[in-house]
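As stored in protein-v6.txt (compact mmCIF, C-alpha atoms and all ligand atoms):
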```txt
# COMPACT_ATOMS: atom_id res chain seq x y z
CA MET T 1 -159.51 1.47 -111.07
CA SER T 2 -156.10 0.97 -112.59
CA ASN T 3 -154.27 -0.95 -109.83
CA TYR T 4 -150.80 -0.26 -111.12
CA LYS T 5 -147.89 -0.44 -108.69
CA ILE T 6 -145.61 2.55 -108.86
CA GLY T 7 -142.20 2.99 -107.25
CA LEU T 8 -141.90 6.70 -106.59
CA GLY T 9 -138.28 7.83 -106.17
CA VAL T 10 -137.83 11.19 -104.48
CA THR T 11 -134.49 12.98 -104.66
CA GLY T 12 -133.07 16.05 -102.96
CA GLY T 13 -134.47 19.24 -104.43
CA ILE T 14 -136.82 22.02 -103.36
CA ALA T 15 -139.51 20.43 -105.54
CA ALA T 16 -139.48 17.29 -103.34
CA TYR T 17 -142.71 18.47 -101.69
CA LYS T 18 -144.41 18.17 -105.09
CA ALA T 19 -143.75 14.43 -104.96
CA VAL T 20 -146.36 14.30 -102.19
CA GLU T 21 -148.95 15.76 -104.59
CA VAL T 22 -147.85 13.35 -107.32
CA MET T 23 -148.25 10.45 -104.92
CA ARG T 24 -151.74 11.58 -103.90
CA ALA T 25 -152.81 12.01 -107.52
CA LEU T 26 -151.50 8.57 -108.46
CA GLN T 27 -153.34 7.06 -105.52
CA LYS T 28 -156.52 8.83 -106.62
CA ALA T 29 -155.99 7.25 -110.04
CA GLY T 30 -156.07 3.86 -108.34
CA CYS T 31 -152.31 3.20 -108.19
CA GLU T 32 -150.49 1.67 -105.29
CA VAL T 33 -147.46 3.84 -104.58
CA ARG T 34 -144.34 2.87 -102.65
CA VAL T 35 -141.78 5.54 -101.98
CA ALA T 36 -137.99 5.44 -101.96
CA MET T 37 -136.03 8.54 -100.98
CA THR T 38 -132.41 9.56 -101.23
CA ARG T 39 -130.78 10.83 -98.04
CA HIS T 40 -130.73 14.37 -99.45
CA ALA T 41 -134.47 14.21 -100.19
CA THR T 42 -135.13 13.66 -96.50
CA GLU T 43 -133.62 17.11 -95.85
CA PHE T 44 -136.57 18.57 -97.77
CA VAL T 45 -139.48 16.27 -96.84
CA GLN T 46 -139.71 13.84 -93.94
CA PRO T 47 -140.12 10.15 -94.88
CA LEU T 48 -142.95 10.14 -92.33
CA THR T 49 -145.05 12.33 -94.65
CA PHE T 50 -144.92 9.69 -97.39
CA ARG T 51 -145.27 6.87 -94.90
CA ALA T 52 -148.43 8.33 -93.39
CA LEU T 53 -149.97 8.97 -96.80
CA SER T 54 -148.93 5.72 -98.48
CA ASP T 55 -149.44 3.53 -95.45
CA ALA T 56 -146.21 1.75 -96.36
CA GLU T 57 -142.60 1.81 -95.23
CA VAL T 58 -140.52 4.46 -96.99
CA ILE T 59 -137.08 3.15 -97.83
CA VAL T 60 -134.14 5.50 -97.65
CA ASP T 61 -131.13 3.31 -96.99
CA ASP T 62 -131.28 -0.40 -97.48
CA TYR T 63 -128.10 -1.00 -95.46
CA ASP T 64 -129.87 0.30 -92.38
CA PRO T 65 -129.88 -2.50 -89.72
CA GLU T 66 -133.47 -1.46 -88.90
CA ASN T 67 -134.51 -2.37 -92.43
CA SER T 68 -136.83 -5.37 -92.34
CA ASP T 69 -135.87 -6.55 -95.83
CA PRO T 70 -132.12 -7.02 -96.47
CA ILE T 71 -132.57 -7.15 -100.25
CA ALA T 72 -135.26 -4.49 -100.40
CA HIS T 73 -133.90 -2.95 -103.60
CA VAL T 74 -134.45 -6.19 -105.48
CA ASN T 75 -137.89 -6.89 -104.02
CA PHE T 76 -139.01 -3.29 -104.48
CA SER T 77 -137.71 -2.93 -108.01
CA GLN T 78 -139.17 -6.16 -109.30
CA ASN T 79 -142.65 -5.55 -108.03
CA ILE T 80 -143.44 -2.29 -109.76
CA ASP T 81 -144.95 -1.39 -113.13
CA LEU T 82 -143.16 1.95 -113.27
CA LEU T 83 -140.26 3.62 -111.51
CA LEU T 84 -141.10 7.32 -111.43
CA ILE T 85 -138.52 9.82 -110.16
CA VAL T 86 -139.99 13.13 -108.92
CA PRO T 87 -138.10 15.39 -108.66
CA ALA T 88 -134.87 14.18 -110.24
CA THR T 89 -131.69 16.10 -109.46
CA ALA T 90 -128.74 16.39 -111.85
CA ASN T 91 -126.93 14.08 -109.42
CA ILE T 92 -129.40 11.19 -109.64
CA ILE T 93 -129.53 11.55 -113.43
CA ALA T 94 -125.73 11.34 -113.53
CA LYS T 95 -125.71 8.28 -111.29
CA PHE T 96 -128.42 6.46 -113.28
CA ALA T 97 -126.64 7.27 -116.55
CA ASN T 98 -123.40 5.80 -115.25
CA GLY T 99 -124.72 2.77 -113.41
CA VAL T 100 -123.67 3.99 -109.97
CA ALA T 101 -125.49 2.02 -107.26
CA ASP T 102 -124.44 3.50 -103.94
CA ASP T 103 -127.82 3.81 -102.23
CA PHE T 104 -131.29 2.32 -102.30
CA LEU T 105 -132.72 4.36 -105.17
CA THR T 106 -129.73 3.91 -107.49
CA SER T 107 -129.63 0.16 -106.72
CA THR T 108 -133.36 -0.02 -107.41
CA TYR T 109 -132.84 1.63 -110.80
CA LEU T 110 -130.24 -0.97 -111.74
CA ALA T 111 -132.28 -3.88 -110.42
CA SER T 112 -135.55 -2.87 -112.09
CA THR T 113 -136.99 -4.10 -115.35
CA ALA T 114 -139.97 -1.71 -115.14
CA PRO T 115 -140.18 1.35 -117.41
CA VAL T 116 -138.53 4.39 -115.87
CA MET T 117 -139.85 7.96 -116.07
CA ILE T 118 -137.82 10.88 -114.77
CA ALA T 119 -139.17 14.35 -114.00
CA PRO T 120 -136.12 16.57 -113.50
CA ALA T 121 -136.08 19.85 -111.58
CA MET T 122 -132.99 21.97 -111.18
CA ASN T 123 -131.40 25.32 -111.79
CA THR T 124 -131.25 26.30 -115.51
CA THR T 125 -127.45 26.27 -115.69
CA MET T 126 -127.32 22.79 -114.17
CA TRP T 127 -130.02 21.64 -116.61
CA GLU T 128 -128.21 23.09 -119.60
CA GLN T 129 -124.76 21.79 -118.57
CA PRO T 130 -123.33 19.59 -121.31
CA ALA T 131 -122.69 16.92 -118.65
CA THR T 132 -126.38 16.85 -117.64
CA GLN T 133 -127.58 16.85 -121.23
CA ARG T 134 -125.08 14.08 -122.06
CA ASN T 135 -126.41 11.98 -119.19
CA ILE T 136 -129.99 12.59 -120.28
CA ALA T 137 -129.18 11.61 -123.87
CA ARG T 138 -127.55 8.44 -122.58
CA LEU T 139 -130.57 7.56 -120.46
CA ARG T 140 -132.92 8.28 -123.35
CA ALA T 141 -130.87 5.92 -125.48
CA ASP T 142 -131.32 3.36 -122.69
CA GLY T 143 -135.10 3.78 -123.05
CA VAL T 144 -135.73 6.04 -120.06
CA HIS T 145 -138.65 8.47 -120.44
CA PHE T 146 -138.42 12.10 -119.40
CA VAL T 147 -141.07 14.57 -118.33
CA GLU T 148 -139.28 17.71 -119.50
CA PRO T 149 -138.91 20.51 -116.97
CA ILE T 150 -140.74 23.69 -117.87
CA SER T 151 -139.71 27.30 -117.96
CA GLY T 152 -140.61 29.52 -115.02
CA GLU T 153 -139.36 31.16 -111.86
CA LEU T 154 -137.01 28.80 -110.05
CA ALA T 155 -136.16 28.44 -106.35
CA CYS T 156 -132.98 30.44 -106.99
CA LYS T 157 -135.21 33.39 -108.12
CA THR T 158 -134.01 33.16 -111.71
CA VAL T 159 -136.35 32.54 -114.62
CA GLY T 160 -135.51 29.74 -117.04
CA THR T 161 -135.98 26.09 -117.86
CA GLY T 162 -135.63 23.71 -114.95
CA LYS T 163 -138.93 23.97 -113.09
CA LEU T 164 -140.67 20.67 -112.35
CA GLU T 165 -143.51 20.02 -114.81
CA ASP T 166 -147.02 20.48 -113.34
CA VAL T 167 -148.16 17.62 -111.12
CA GLU T 168 -151.14 16.98 -113.39
CA ASN T 169 -148.95 16.61 -116.46
CA ILE T 170 -146.50 14.31 -114.68
CA VAL T 171 -149.36 12.07 -113.62
CA ARG T 172 -150.94 12.17 -117.08
CA GLN T 173 -147.66 11.16 -118.71
CA ALA T 174 -147.01 8.43 -116.14
CA MET T 175 -150.50 6.98 -116.59
CA SER T 176 -150.22 7.22 -120.33
CA LEU T 177 -146.91 5.35 -120.29
CA LEU T 178 -148.40 2.64 -118.09
CA VAL T 179 -151.35 2.14 -120.39
CA GLN T 180 -149.13 2.10 -123.47
CA SER T 181 -146.57 -0.29 -121.96
CA PRO T 182 -146.87 -3.54 -123.88
CA LYS T 183 -146.88 -5.76 -120.82
CA PRO T 184 -147.95 -4.04 -117.62
CA LYS T 185 -146.81 -6.34 -114.80
CA VAL T 186 -149.75 -6.06 -112.50
CA GLN T 187 -152.81 -5.64 -114.65
CA SER T 188 -153.24 -4.99 -118.32
CA SER T 189 -156.06 -2.75 -119.39
CA ASP T 190 -157.55 -3.10 -122.82
CA ASP T 191 -160.66 -1.31 -121.64
CA PRO T 192 -160.80 2.05 -123.45
CA SER T 193 -162.96 3.51 -120.73
CA ILE T 194 -160.46 2.67 -117.98
CA ASP T 195 -161.16 4.88 -115.02
CA ILE T 196 -158.08 6.49 -113.55
CA GLY T 197 -159.81 9.21 -111.63
CA PRO T 198 -159.44 12.69 -113.08
CA TRP T 199 -156.96 11.43 -115.69
CA THR T 200 -159.45 9.58 -117.85
CA LEU T 201 -157.75 7.90 -120.77
CA ASP T 202 -160.56 8.68 -123.17
CA LEU T 203 -158.40 8.33 -126.29
CA THR T 204 -157.23 4.80 -125.54
CA GLY T 205 -157.59 2.72 -128.69
CA GLU T 206 -157.06 5.68 -131.04
CA HIS T 207 -153.88 6.01 -133.09
CA PHE T 208 -153.03 9.61 -133.92
CA LEU T 209 -150.81 10.41 -136.89
CA ILE T 210 -149.81 14.07 -136.62
CA THR T 211 -147.74 16.28 -138.90
CA VAL T 212 -145.78 18.91 -136.99
CA GLY T 213 -143.47 21.88 -137.67
CA GLY T 214 -142.48 23.61 -140.86
CA THR T 215 -141.09 22.06 -144.01
CA ARG T 216 -137.87 23.13 -145.69
CA GLU T 217 -137.72 23.17 -149.48
CA ALA T 218 -134.24 23.14 -150.99
CA ILE T 219 -133.24 25.78 -153.52
CA ASP T 220 -129.71 24.42 -153.72
CA PRO T 221 -127.52 22.47 -151.24
CA VAL T 222 -127.13 25.52 -148.95
CA ARG T 223 -130.41 27.46 -149.31
CA PHE T 224 -134.05 26.70 -148.71
CA ILE T 225 -137.58 28.13 -148.44
CA SER T 226 -139.27 27.63 -145.09
CA ASN T 227 -141.62 29.29 -142.59
CA HIS T 228 -141.88 30.32 -138.93
CA SER T 229 -143.60 27.21 -137.59
CA SER T 230 -142.11 26.14 -134.25
CA GLY T 231 -143.94 22.82 -133.91
CA LYS T 232 -145.27 23.83 -130.48
CA MET T 233 -148.95 23.38 -131.34
CA GLY T 234 -148.38 20.08 -133.13
CA PHE T 235 -146.29 18.63 -130.31
CA ALA T 236 -148.88 19.89 -127.80
CA MET T 237 -151.47 17.90 -129.80
CA ALA T 238 -149.22 14.84 -129.68
CA GLU T 239 -148.64 15.16 -125.94
CA ALA T 240 -152.32 15.75 -125.16
CA ALA T 241 -153.41 12.73 -127.22
CA ALA T 242 -150.71 10.50 -125.70
CA ALA T 243 -151.56 11.64 -122.17
CA ARG T 244 -155.17 10.62 -122.80
CA GLY T 245 -154.14 7.14 -123.84
CA ALA T 246 -153.80 7.40 -127.63
CA GLU T 247 -150.93 5.80 -129.49
CA VAL T 248 -149.20 8.68 -131.27
CA THR T 249 -146.91 8.93 -134.27
CA VAL T 250 -145.55 12.32 -135.22
CA VAL T 251 -144.12 13.14 -138.62
CA ALA T 252 -142.10 16.28 -137.93
CA GLY T 253 -140.45 18.75 -140.24
CA VAL T 254 -138.27 21.50 -138.80
CA THR T 255 -139.19 22.38 -135.21
CA ALA T 256 -137.84 24.75 -132.58
CA VAL T 257 -138.86 22.46 -129.72
CA GLU T 258 -138.61 18.77 -128.90
CA PRO T 259 -141.47 16.55 -127.72
CA SER T 260 -141.46 14.55 -124.51
CA THR T 261 -139.69 11.27 -125.10
CA HIS T 262 -142.50 8.78 -125.14
CA ILE T 263 -143.77 10.11 -128.47
CA ASN T 264 -142.63 8.36 -131.60
CA VAL T 265 -141.21 11.04 -133.95
CA VAL T 266 -140.26 10.45 -137.57
CA ARG T 267 -138.36 13.33 -139.19
CA ALA T 268 -139.37 14.38 -142.71
CA ILE T 269 -137.96 17.74 -143.68
CA SER T 270 -139.44 18.60 -147.07
CA ALA T 271 -143.11 18.50 -148.12
CA SER T 272 -142.45 15.51 -150.37
CA GLU T 273 -140.61 13.64 -147.59
CA MET T 274 -143.49 14.42 -145.23
CA HIS T 275 -145.99 13.23 -147.83
CA LYS T 276 -144.11 9.94 -148.19
CA ALA T 277 -143.73 9.45 -144.41
CA VAL T 278 -147.47 10.07 -143.89
CA SER T 279 -148.53 7.78 -146.76
CA GLU T 280 -146.42 4.95 -145.33
CA ARG T 281 -148.01 5.23 -141.88
CA LEU T 282 -151.59 6.22 -142.64
CA SER T 283 -153.15 2.77 -142.73
CA ASP T 284 -152.56 2.28 -138.98
CA ALA T 285 -154.06 5.67 -138.03
CA THR T 286 -157.55 6.32 -136.70
CA VAL T 287 -157.08 10.10 -136.45
CA PHE T 288 -154.97 12.27 -138.77
CA VAL T 289 -154.04 15.77 -137.62
CA GLY T 290 -152.35 18.09 -140.13
CA ALA T 291 -150.67 20.53 -137.75
CA ALA T 292 -147.59 21.10 -139.91
CA ALA T 293 -147.03 24.28 -141.87
CA VAL T 294 -146.30 22.50 -145.12
CA ALA T 295 -144.85 24.66 -147.88
CA ASP T 296 -147.47 25.00 -150.60
CA TYR T 297 -144.80 25.45 -153.26
CA ALA T 298 -141.24 24.20 -153.60
CA PRO T 299 -138.48 25.11 -156.09
CA ALA T 300 -139.29 23.30 -159.32
CA ASN T 301 -135.68 22.30 -159.88
CA ALA T 302 -133.44 22.35 -156.82
CA ALA T 303 -129.86 22.90 -158.01
CA ASP T 304 -127.34 20.12 -157.29
CA ALA T 305 -124.57 22.65 -156.73
CA LYS T 306 -124.60 26.02 -154.98
CA ILE T 307 -126.12 28.67 -157.24
CA LYS T 308 -123.63 31.50 -157.99
CA LYS T 309 -124.60 35.15 -158.34
CA ASP T 310 -122.72 35.45 -161.63
CA GLY T 311 -123.28 39.22 -161.62
CA ARG T 312 -127.09 38.92 -161.90
CA GLU T 313 -129.19 41.77 -160.42
CA THR T 314 -132.40 39.76 -160.30
CA MET T 315 -133.17 36.11 -160.13
CA THR T 316 -136.38 34.18 -160.72
CA LEU T 317 -137.15 31.04 -158.86
CA GLU T 318 -139.68 28.74 -160.44
CA LEU T 319 -141.90 27.04 -157.88
CA LYS T 320 -144.13 24.03 -158.25
CA LYS T 321 -147.06 22.94 -156.09
CA THR T 322 -146.26 20.44 -153.36
CA PRO T 323 -148.59 17.53 -152.62
CA ASP T 324 -151.42 18.64 -150.33
CA ILE T 325 -150.95 15.97 -147.67
CA LEU T 326 -154.09 16.82 -145.71
CA ALA T 327 -156.39 16.93 -148.75
CA GLU T 328 -154.98 13.66 -150.03
CA VAL T 329 -155.40 11.93 -146.66
CA ALA T 330 -159.02 13.14 -146.51
CA SER T 331 -159.85 12.09 -150.06
CA ARG T 332 -158.35 8.61 -149.62
CA ARG T 333 -159.52 8.09 -146.07
CA HIS T 334 -160.16 4.59 -144.84
CA ASP T 335 -163.17 3.70 -142.67
CA GLY T 336 -162.99 5.16 -139.21
CA LEU T 337 -160.34 7.80 -139.95
CA ILE T 338 -161.08 11.27 -138.54
CA VAL T 339 -159.26 14.04 -140.41
CA VAL T 340 -158.34 17.28 -138.65
CA GLY T 341 -156.74 20.27 -140.36
CA PHE T 342 -155.36 23.57 -139.14
CA ALA T 343 -156.02 26.95 -140.72
CA ALA T 344 -153.59 29.69 -139.78
CA GLU T 345 -155.07 32.88 -141.19
CA THR T 346 -154.60 36.64 -140.83
CA ASN T 347 -158.07 37.81 -141.95
CA LYS T 348 -161.57 36.40 -142.53
CA VAL T 349 -160.40 33.55 -140.29
CA ILE T 350 -163.68 31.66 -139.95
CA ASP T 351 -164.65 32.09 -143.62
CA TYR T 352 -161.31 30.80 -144.87
CA ALA T 353 -161.28 28.00 -142.31
CA ARG T 354 -164.76 26.87 -143.32
CA SER T 355 -163.83 26.90 -146.97
CA LYS T 356 -160.79 24.69 -146.11
CA LEU T 357 -163.10 22.29 -144.26
CA GLU T 358 -165.31 21.99 -147.34
CA LYS T 359 -162.65 22.04 -150.06
CA LYS T 360 -160.38 19.52 -148.36
CA LYS T 361 -163.33 17.40 -147.06
CA LEU T 362 -162.17 17.61 -143.46
CA ASP T 363 -164.06 16.55 -140.34
CA ILE T 364 -162.64 19.25 -138.08
CA VAL T 365 -160.71 22.46 -138.70
CA VAL T 366 -158.79 24.30 -136.01
CA ALA T 367 -158.61 27.94 -137.03
CA ASN T 368 -156.44 30.64 -135.56
CA ASP T 369 -155.65 34.24 -136.38
CA VAL T 370 -151.86 34.28 -136.38
CA SER T 371 -151.80 38.08 -136.48
CA LYS T 372 -153.29 38.30 -132.95
CA PRO T 373 -150.88 38.67 -130.03
CA GLY T 374 -150.67 35.32 -128.21
CA ALA T 375 -151.64 33.27 -131.26
CA GLY T 376 -148.55 33.49 -133.43
CA PHE T 377 -146.20 30.78 -134.63
CA ASN T 378 -143.69 30.74 -131.81
CA ALA T 379 -146.07 31.61 -128.96
CA ASP T 380 -146.77 29.25 -126.06
CA THR T 381 -150.43 30.21 -126.22
CA ASN T 382 -153.07 30.08 -128.92
CA ILE T 383 -156.51 31.50 -129.65
CA ILE T 384 -158.45 28.88 -131.54
CA SER T 385 -161.84 28.24 -133.05
CA ILE T 386 -162.89 24.66 -133.71
CA LEU T 387 -165.16 24.12 -136.71
CA THR T 388 -167.05 21.12 -137.99
CA ALA T 389 -169.64 21.00 -140.79
CA ASP T 390 -172.39 21.93 -138.34
CA SER T 391 -170.67 23.67 -135.44
CA ALA T 392 -168.21 26.41 -134.58
CA GLU T 393 -166.77 27.16 -131.16
CA ASP T 394 -164.47 30.05 -130.25
CA PHE T 395 -162.04 29.81 -127.35
CA SER T 396 -160.17 32.54 -125.55
CA ILE T 397 -156.39 32.66 -125.23
CA MET T 398 -154.92 29.59 -123.50
CA PRO T 399 -151.67 27.58 -123.36
CA LYS T 400 -151.16 25.49 -126.51
CA ARG T 401 -151.35 22.32 -124.45
CA GLU T 402 -154.80 23.30 -123.17
CA ALA T 403 -155.88 24.23 -126.69
CA ALA T 404 -154.70 20.77 -127.77
CA ASP T 405 -156.98 19.21 -125.15
CA LYS T 406 -159.91 21.18 -126.59
CA VAL T 407 -159.14 19.69 -130.01
CA CYS T 408 -158.98 16.21 -128.43
CA ASP T 409 -162.39 16.87 -126.83
CA ALA T 410 -163.76 17.82 -130.25
CA ILE T 411 -162.33 14.63 -131.78
CA ILE T 412 -163.99 12.50 -129.10
CA LYS T 413 -167.30 14.33 -129.63
CA PHE T 414 -167.03 13.83 -133.38
CA ARG T 415 -166.34 10.10 -132.88
CA GLU T 416 -169.39 9.80 -130.60
CA GLU T 417 -171.66 11.65 -133.02
CA HIS T 418 -170.45 10.26 -136.34
CA GLY T 419 -168.70 7.02 -135.48
CA ARG T 420 -165.81 7.92 -137.71
N1 LIG T 501 -151.36 21.09 -145.55
C1 LIG T 501 -150.85 19.89 -145.98
N2 LIG T 501 -150.09 19.82 -147.09
C2 LIG T 501 -149.81 20.93 -147.82
C3 LIG T 501 -150.32 22.17 -147.40
C4 LIG T 501 -151.09 22.22 -146.25
O1 LIG T 501 -151.09 18.86 -145.31
N3 LIG T 501 -149.06 20.85 -148.89
C5 LIG T 501 -152.24 21.16 -144.36
C6 LIG T 501 -151.65 21.84 -143.15
O2 LIG T 501 -150.98 20.91 -142.29
C7 LIG T 501 -152.88 22.45 -142.48
C8 LIG T 501 -153.76 22.80 -143.65
O3 LIG T 501 -153.35 21.93 -144.71
O4 LIG T 501 -153.56 21.50 -141.69
C9 LIG T 501 -153.59 24.21 -144.08
O5 LIG T 501 -154.33 24.40 -145.24
P1 LIG T 501 -153.82 25.30 -146.48
O6 LIG T 501 -155.01 25.53 -147.33
O7 LIG T 501 -152.67 24.72 -147.15
O8 LIG T 501 -153.38 26.56 -145.75
P2 LIG T 501 -152.41 27.60 -146.29
O9 LIG T 501 -151.08 27.00 -146.57
O10 LIG T 501 -152.46 28.70 -145.32
O11 LIG T 501 -153.06 27.90 -147.68
P3 LIG T 501 -153.76 29.21 -148.24
O12 LIG T 501 -152.62 30.08 -148.54
O13 LIG T 501 -154.50 28.72 -149.40
O14 LIG T 501 -154.66 29.71 -147.13
```
As structure tokens, what does this structure read like?
Amino acid sequence: MSNYKIGLGVTGGIAAYKAVEVMRALQKAGCEVRVAMTRHATEFVQPLTFRALSDAEVIVDDYDPENSDPIAHVNFSQNIDLLLIVPATANIIAKFANGVADDFLTSTYLASTAPVMIAPAMNTTMWEQPATQRNIARLRADGVHFVEPISGELACKTVGTGKLEDVENIVRQAMSLLVQSPKPKVQSSDDPSIDIGPWTLDLTGEHFLITVGGTREAIDPVRFISNHSSGKMGFAMAEAAAARGAEVTVVAGVTAVEPSTHINVVRAISASEMHKAVSERLSDATVFVGAAAVADYAPANAADAKIKKDGRETMTLELKKTPDILAEVASRRHDGLIVVGFAAETNKVIDYARSKLEKKKLDIVVANDVSKPGAGFNADTNIISILTADSAEDFSIMPKREAADKVCDAIIKFREEHGR
């Protein structure tokens, strides 16, 4: 069991009841959880609920004369491996960002040296407010990790971003952060098979290098060639691998979405920049995933100045082949590196995917038919088939994050069967 100590901060939002589920899941994963609540949180869930389930005092106000420990915020904050806030209101985010310490939870934040992870939940307008986003950016710069809220129907009956992430994903991300933290206070775990209940960190010890998003190839300083890749599938791969304990580095081109904060992202916009960024980082990787839609061709001579029409009716652009990052990684692979490619096709999906596997000497190919509804570039779902030299498995439509977990399963299976 993991034996981490977690300080769970609960703040005043409808989603406060979900903190109970988060606490239970963390306990199942072997963590000891102590709960601190803001006064407003107690309007939504009684401290007694947490007290009964955690078998420990729940601290709301450390100036309360009934409080057995007069410096509880210091003792609490310095004896935890992670301060996890579920749910976090815009108010607590604003207070943390500005160093306000007017109650137990805010004082704990200031007095803690443990990593901090915040799972916000609020109305979309409050989430999108420049003030909230400014506070989040400030906290990110301070090293705070966020479990991004998801899109869905909110308590106010509107649909938009601001819904608390699923309990399972919050717990996965919290456990992943704990395992990746360089110096866990209570107990370090170098054991790749560490048992944390249903959230098995079966990719601990692997280092994923993943290309994500589309590349942009300059024609001149104002124009470019690109594609519709959103980066959703690649980031889903990164998040799935990180949640299962892998160290993850993403080399991202142009993306329409952002990853959760505990993933290391290097930006590389053109195919040649991406090629360079991958080459520089490959030696540390144990798994390479080419999820980016890399342009196959780029303008042969990008103009230094904006190209003028000059009365021309037609124009020819000469293109030259870009480096095939995936093929190069596979052909120069070091011992132990597993190489995974993606094949986005519109016809003869399996045939083309298999020929990519063979031609590029890949270990695994993830094929999808991008012409199918629910499997396109910007969709939140995907319909994948996973191919290896001697197997092929088709999956039905599922969220990209779930599809990413299927790919992770295939990587683990490949490692078990082939050792590399
Ligand atoms: N890829 C890459 N570098 C390139 C081109 C592609 O790393 N310059 C990777 C992609 O990340 C993806 C896979 O190769 O994993 C896609 O294979 P590819 O044969 O390039 O697919 P298409 O671009 O669709 O090519 P084709 O038109 O030949 O099907």
Using 9 Å as the limit and counting all atoms listed in the file, can you tabulate each residue of chain T that touches ligand LIG 501 (chain T), with its shortest atom-to-atom distance in Å and the two atoms involved, as a Markdown table?
```
| residue | atom | partner | partner_atom | distance |
| --- | --- | --- | --- | --- |
| T:Ile210 | CA | T:LIG501 | O2 | 9.0 |
| T:Thr211 | CA | T:LIG501 | O2 | 6.6 |
| T:Val212 | CA | T:LIG501 | O2 | 7.7 |
| T:Gly213 | CA | T:LIG501 | O2 | 8.9 |
| T:Ala271 | CA | T:LIG501 | N3 | 6.4 |
| T:Ser272 | CA | T:LIG501 | N3 | 8.6 |
| T:Met274 | CA | T:LIG501 | N2 | 8.7 |
| T:His275 | CA | T:LIG501 | N2 | 7.8 |
| T:Val289 | CA | T:LIG501 | O4 | 7.0 |
| T:Gly290 | CA | T:LIG501 | O2 | 3.8 |
| T:Ala291 | CA | T:LIG501 | O2 | 4.6 |
| T:Ala292 | CA | T:LIG501 | O2 | 4.1 |
| T:Ala293 | CA | T:LIG501 | O2 | 5.2 |
| T:Val294 | CA | T:LIG501 | C3 | 4.6 |
| T:Ala295 | CA | T:LIG501 | N3 | 5.8 |
| T:Asp296 | CA | T:LIG501 | N3 | 4.8 |
| T:Tyr297 | CA | T:LIG501 | N3 | 7.6 |
| T:Lys321 | CA | T:LIG501 | N3 | 7.8 |
| T:Thr322 | CA | T:LIG501 | N3 | 5.3 |
| T:Pro323 | CA | T:LIG501 | N3 | 5.0 |
| T:Asp324 | CA | T:LIG501 | N3 | 3.5 |
| T:Ile325 | CA | T:LIG501 | O1 | 3.7 |
| T:Leu326 | CA | T:LIG501 | O1 | 3.6 |
| T:Ala327 | CA | T:LIG501 | O1 | 6.6 |
| T:Glu328 | CA | T:LIG501 | O1 | 8.0 |
| T:Val329 | CA | T:LIG501 | O1 | 8.3 |
| T:Val340 | CA | T:LIG501 | O4 | 7.1 |
| T:Gly341 | CA | T:LIG501 | O4 | 3.7 |
| T:Phe342 | CA | T:LIG501 | O4 | 3.7 |
| T:Ala343 | CA | T:LIG501 | C9 | 5.0 |
| T:Ala344 | CA | T:LIG501 | O10 | 5.7 |
| T:Glu345 | CA | T:LIG501 | O10 | 6.4 |
| T:Tyr352 | CA | T:LIG501 | O14 | 7.1 |
| T:Ala353 | CA | T:LIG501 | O5 | 8.4 |
| T:Ser355 | CA | T:LIG501 | O6 | 8.9 |
| T:Lys356 | CA | T:LIG501 | O6 | 6.0 |
| T:Lys359 | CA | T:LIG501 | O6 | 8.8 |
| T:Lys360 | CA | T:LIG501 | O6 | 8.1 |
| T:Val365 | CA | T:LIG501 | O4 | 7.8 |
| T:Val366 | CA | T:LIG501 | O4 | 8.2 |
```
Interface rows for region 78-101 of chain T against region 40-63 of chain T: nearest pair, Å to one decimal, 12 Å, only C-alpha atoms, as JSON lines:
```
{"residue": "T:Ile85", "atom": "CA", "partner": "T:Ala41", "partner_atom": "CA", "distance": 11.6}
{"residue": "T:Val86", "atom": "CA", "partner": "T:Ala41", "partner_atom": "CA", "distance": 10.4}
{"residue": "T:Pro87", "atom": "CA", "partner": "T:Ala41", "partner_atom": "CA", "distance": 9.3}
{"residue": "T:Ala88", "atom": "CA", "partner": "T:Ala41", "partner_atom": "CA", "distance": 10.1}
{"residue": "T:Thr89", "atom": "CA", "partner": "T:Ala41", "partner_atom": "CA", "distance": 9.9}
{"residue": "T:Asn91", "atom": "CA", "partner": "T:His40", "partner_atom": "CA", "distance": 10.7}
{"residue": "T:Ile92", "atom": "CA", "partner": "T:His40", "partner_atom": "CA", "distance": 10.8}
{"residue": "T:Ala101", "atom": "CA", "partner": "T:Asp62", "partner_atom": "CA", "distance": 11.6}
```
Exercise for the section: Just the residues within 9 Å of region 113-130 of chain T, please, counting all atoms listed in the file, with nothing from its chain fewer than 2 positions along; format it as an MDAnalysis selection string. Expected result: chainID T and resid 13:15 77:90 93 109:111 132:135 143:151 154:156 158:165 170 173:174 177:178 181 184:185
Completion exercise
What separates CA of Val254 (chain T) and CA of Gly214 (chain T) is a distance of 5.1 Å
Handout entry: Straight-line distance linking CA of His73 (chain T) with CA of Val20 (chain T), stated in Å to one decimal
Key =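 It comes out at 21.3 Å.
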Exercise for the section: Give me, please, the distance in Å between CA of Asp220 (chain T) and CA of Glu273 (chain T), quoted to one decimal. Expected result: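 Computed distance, CA of Asp220 (chain T) to CA of Glu273 (chain T), equals 16.5 Å.
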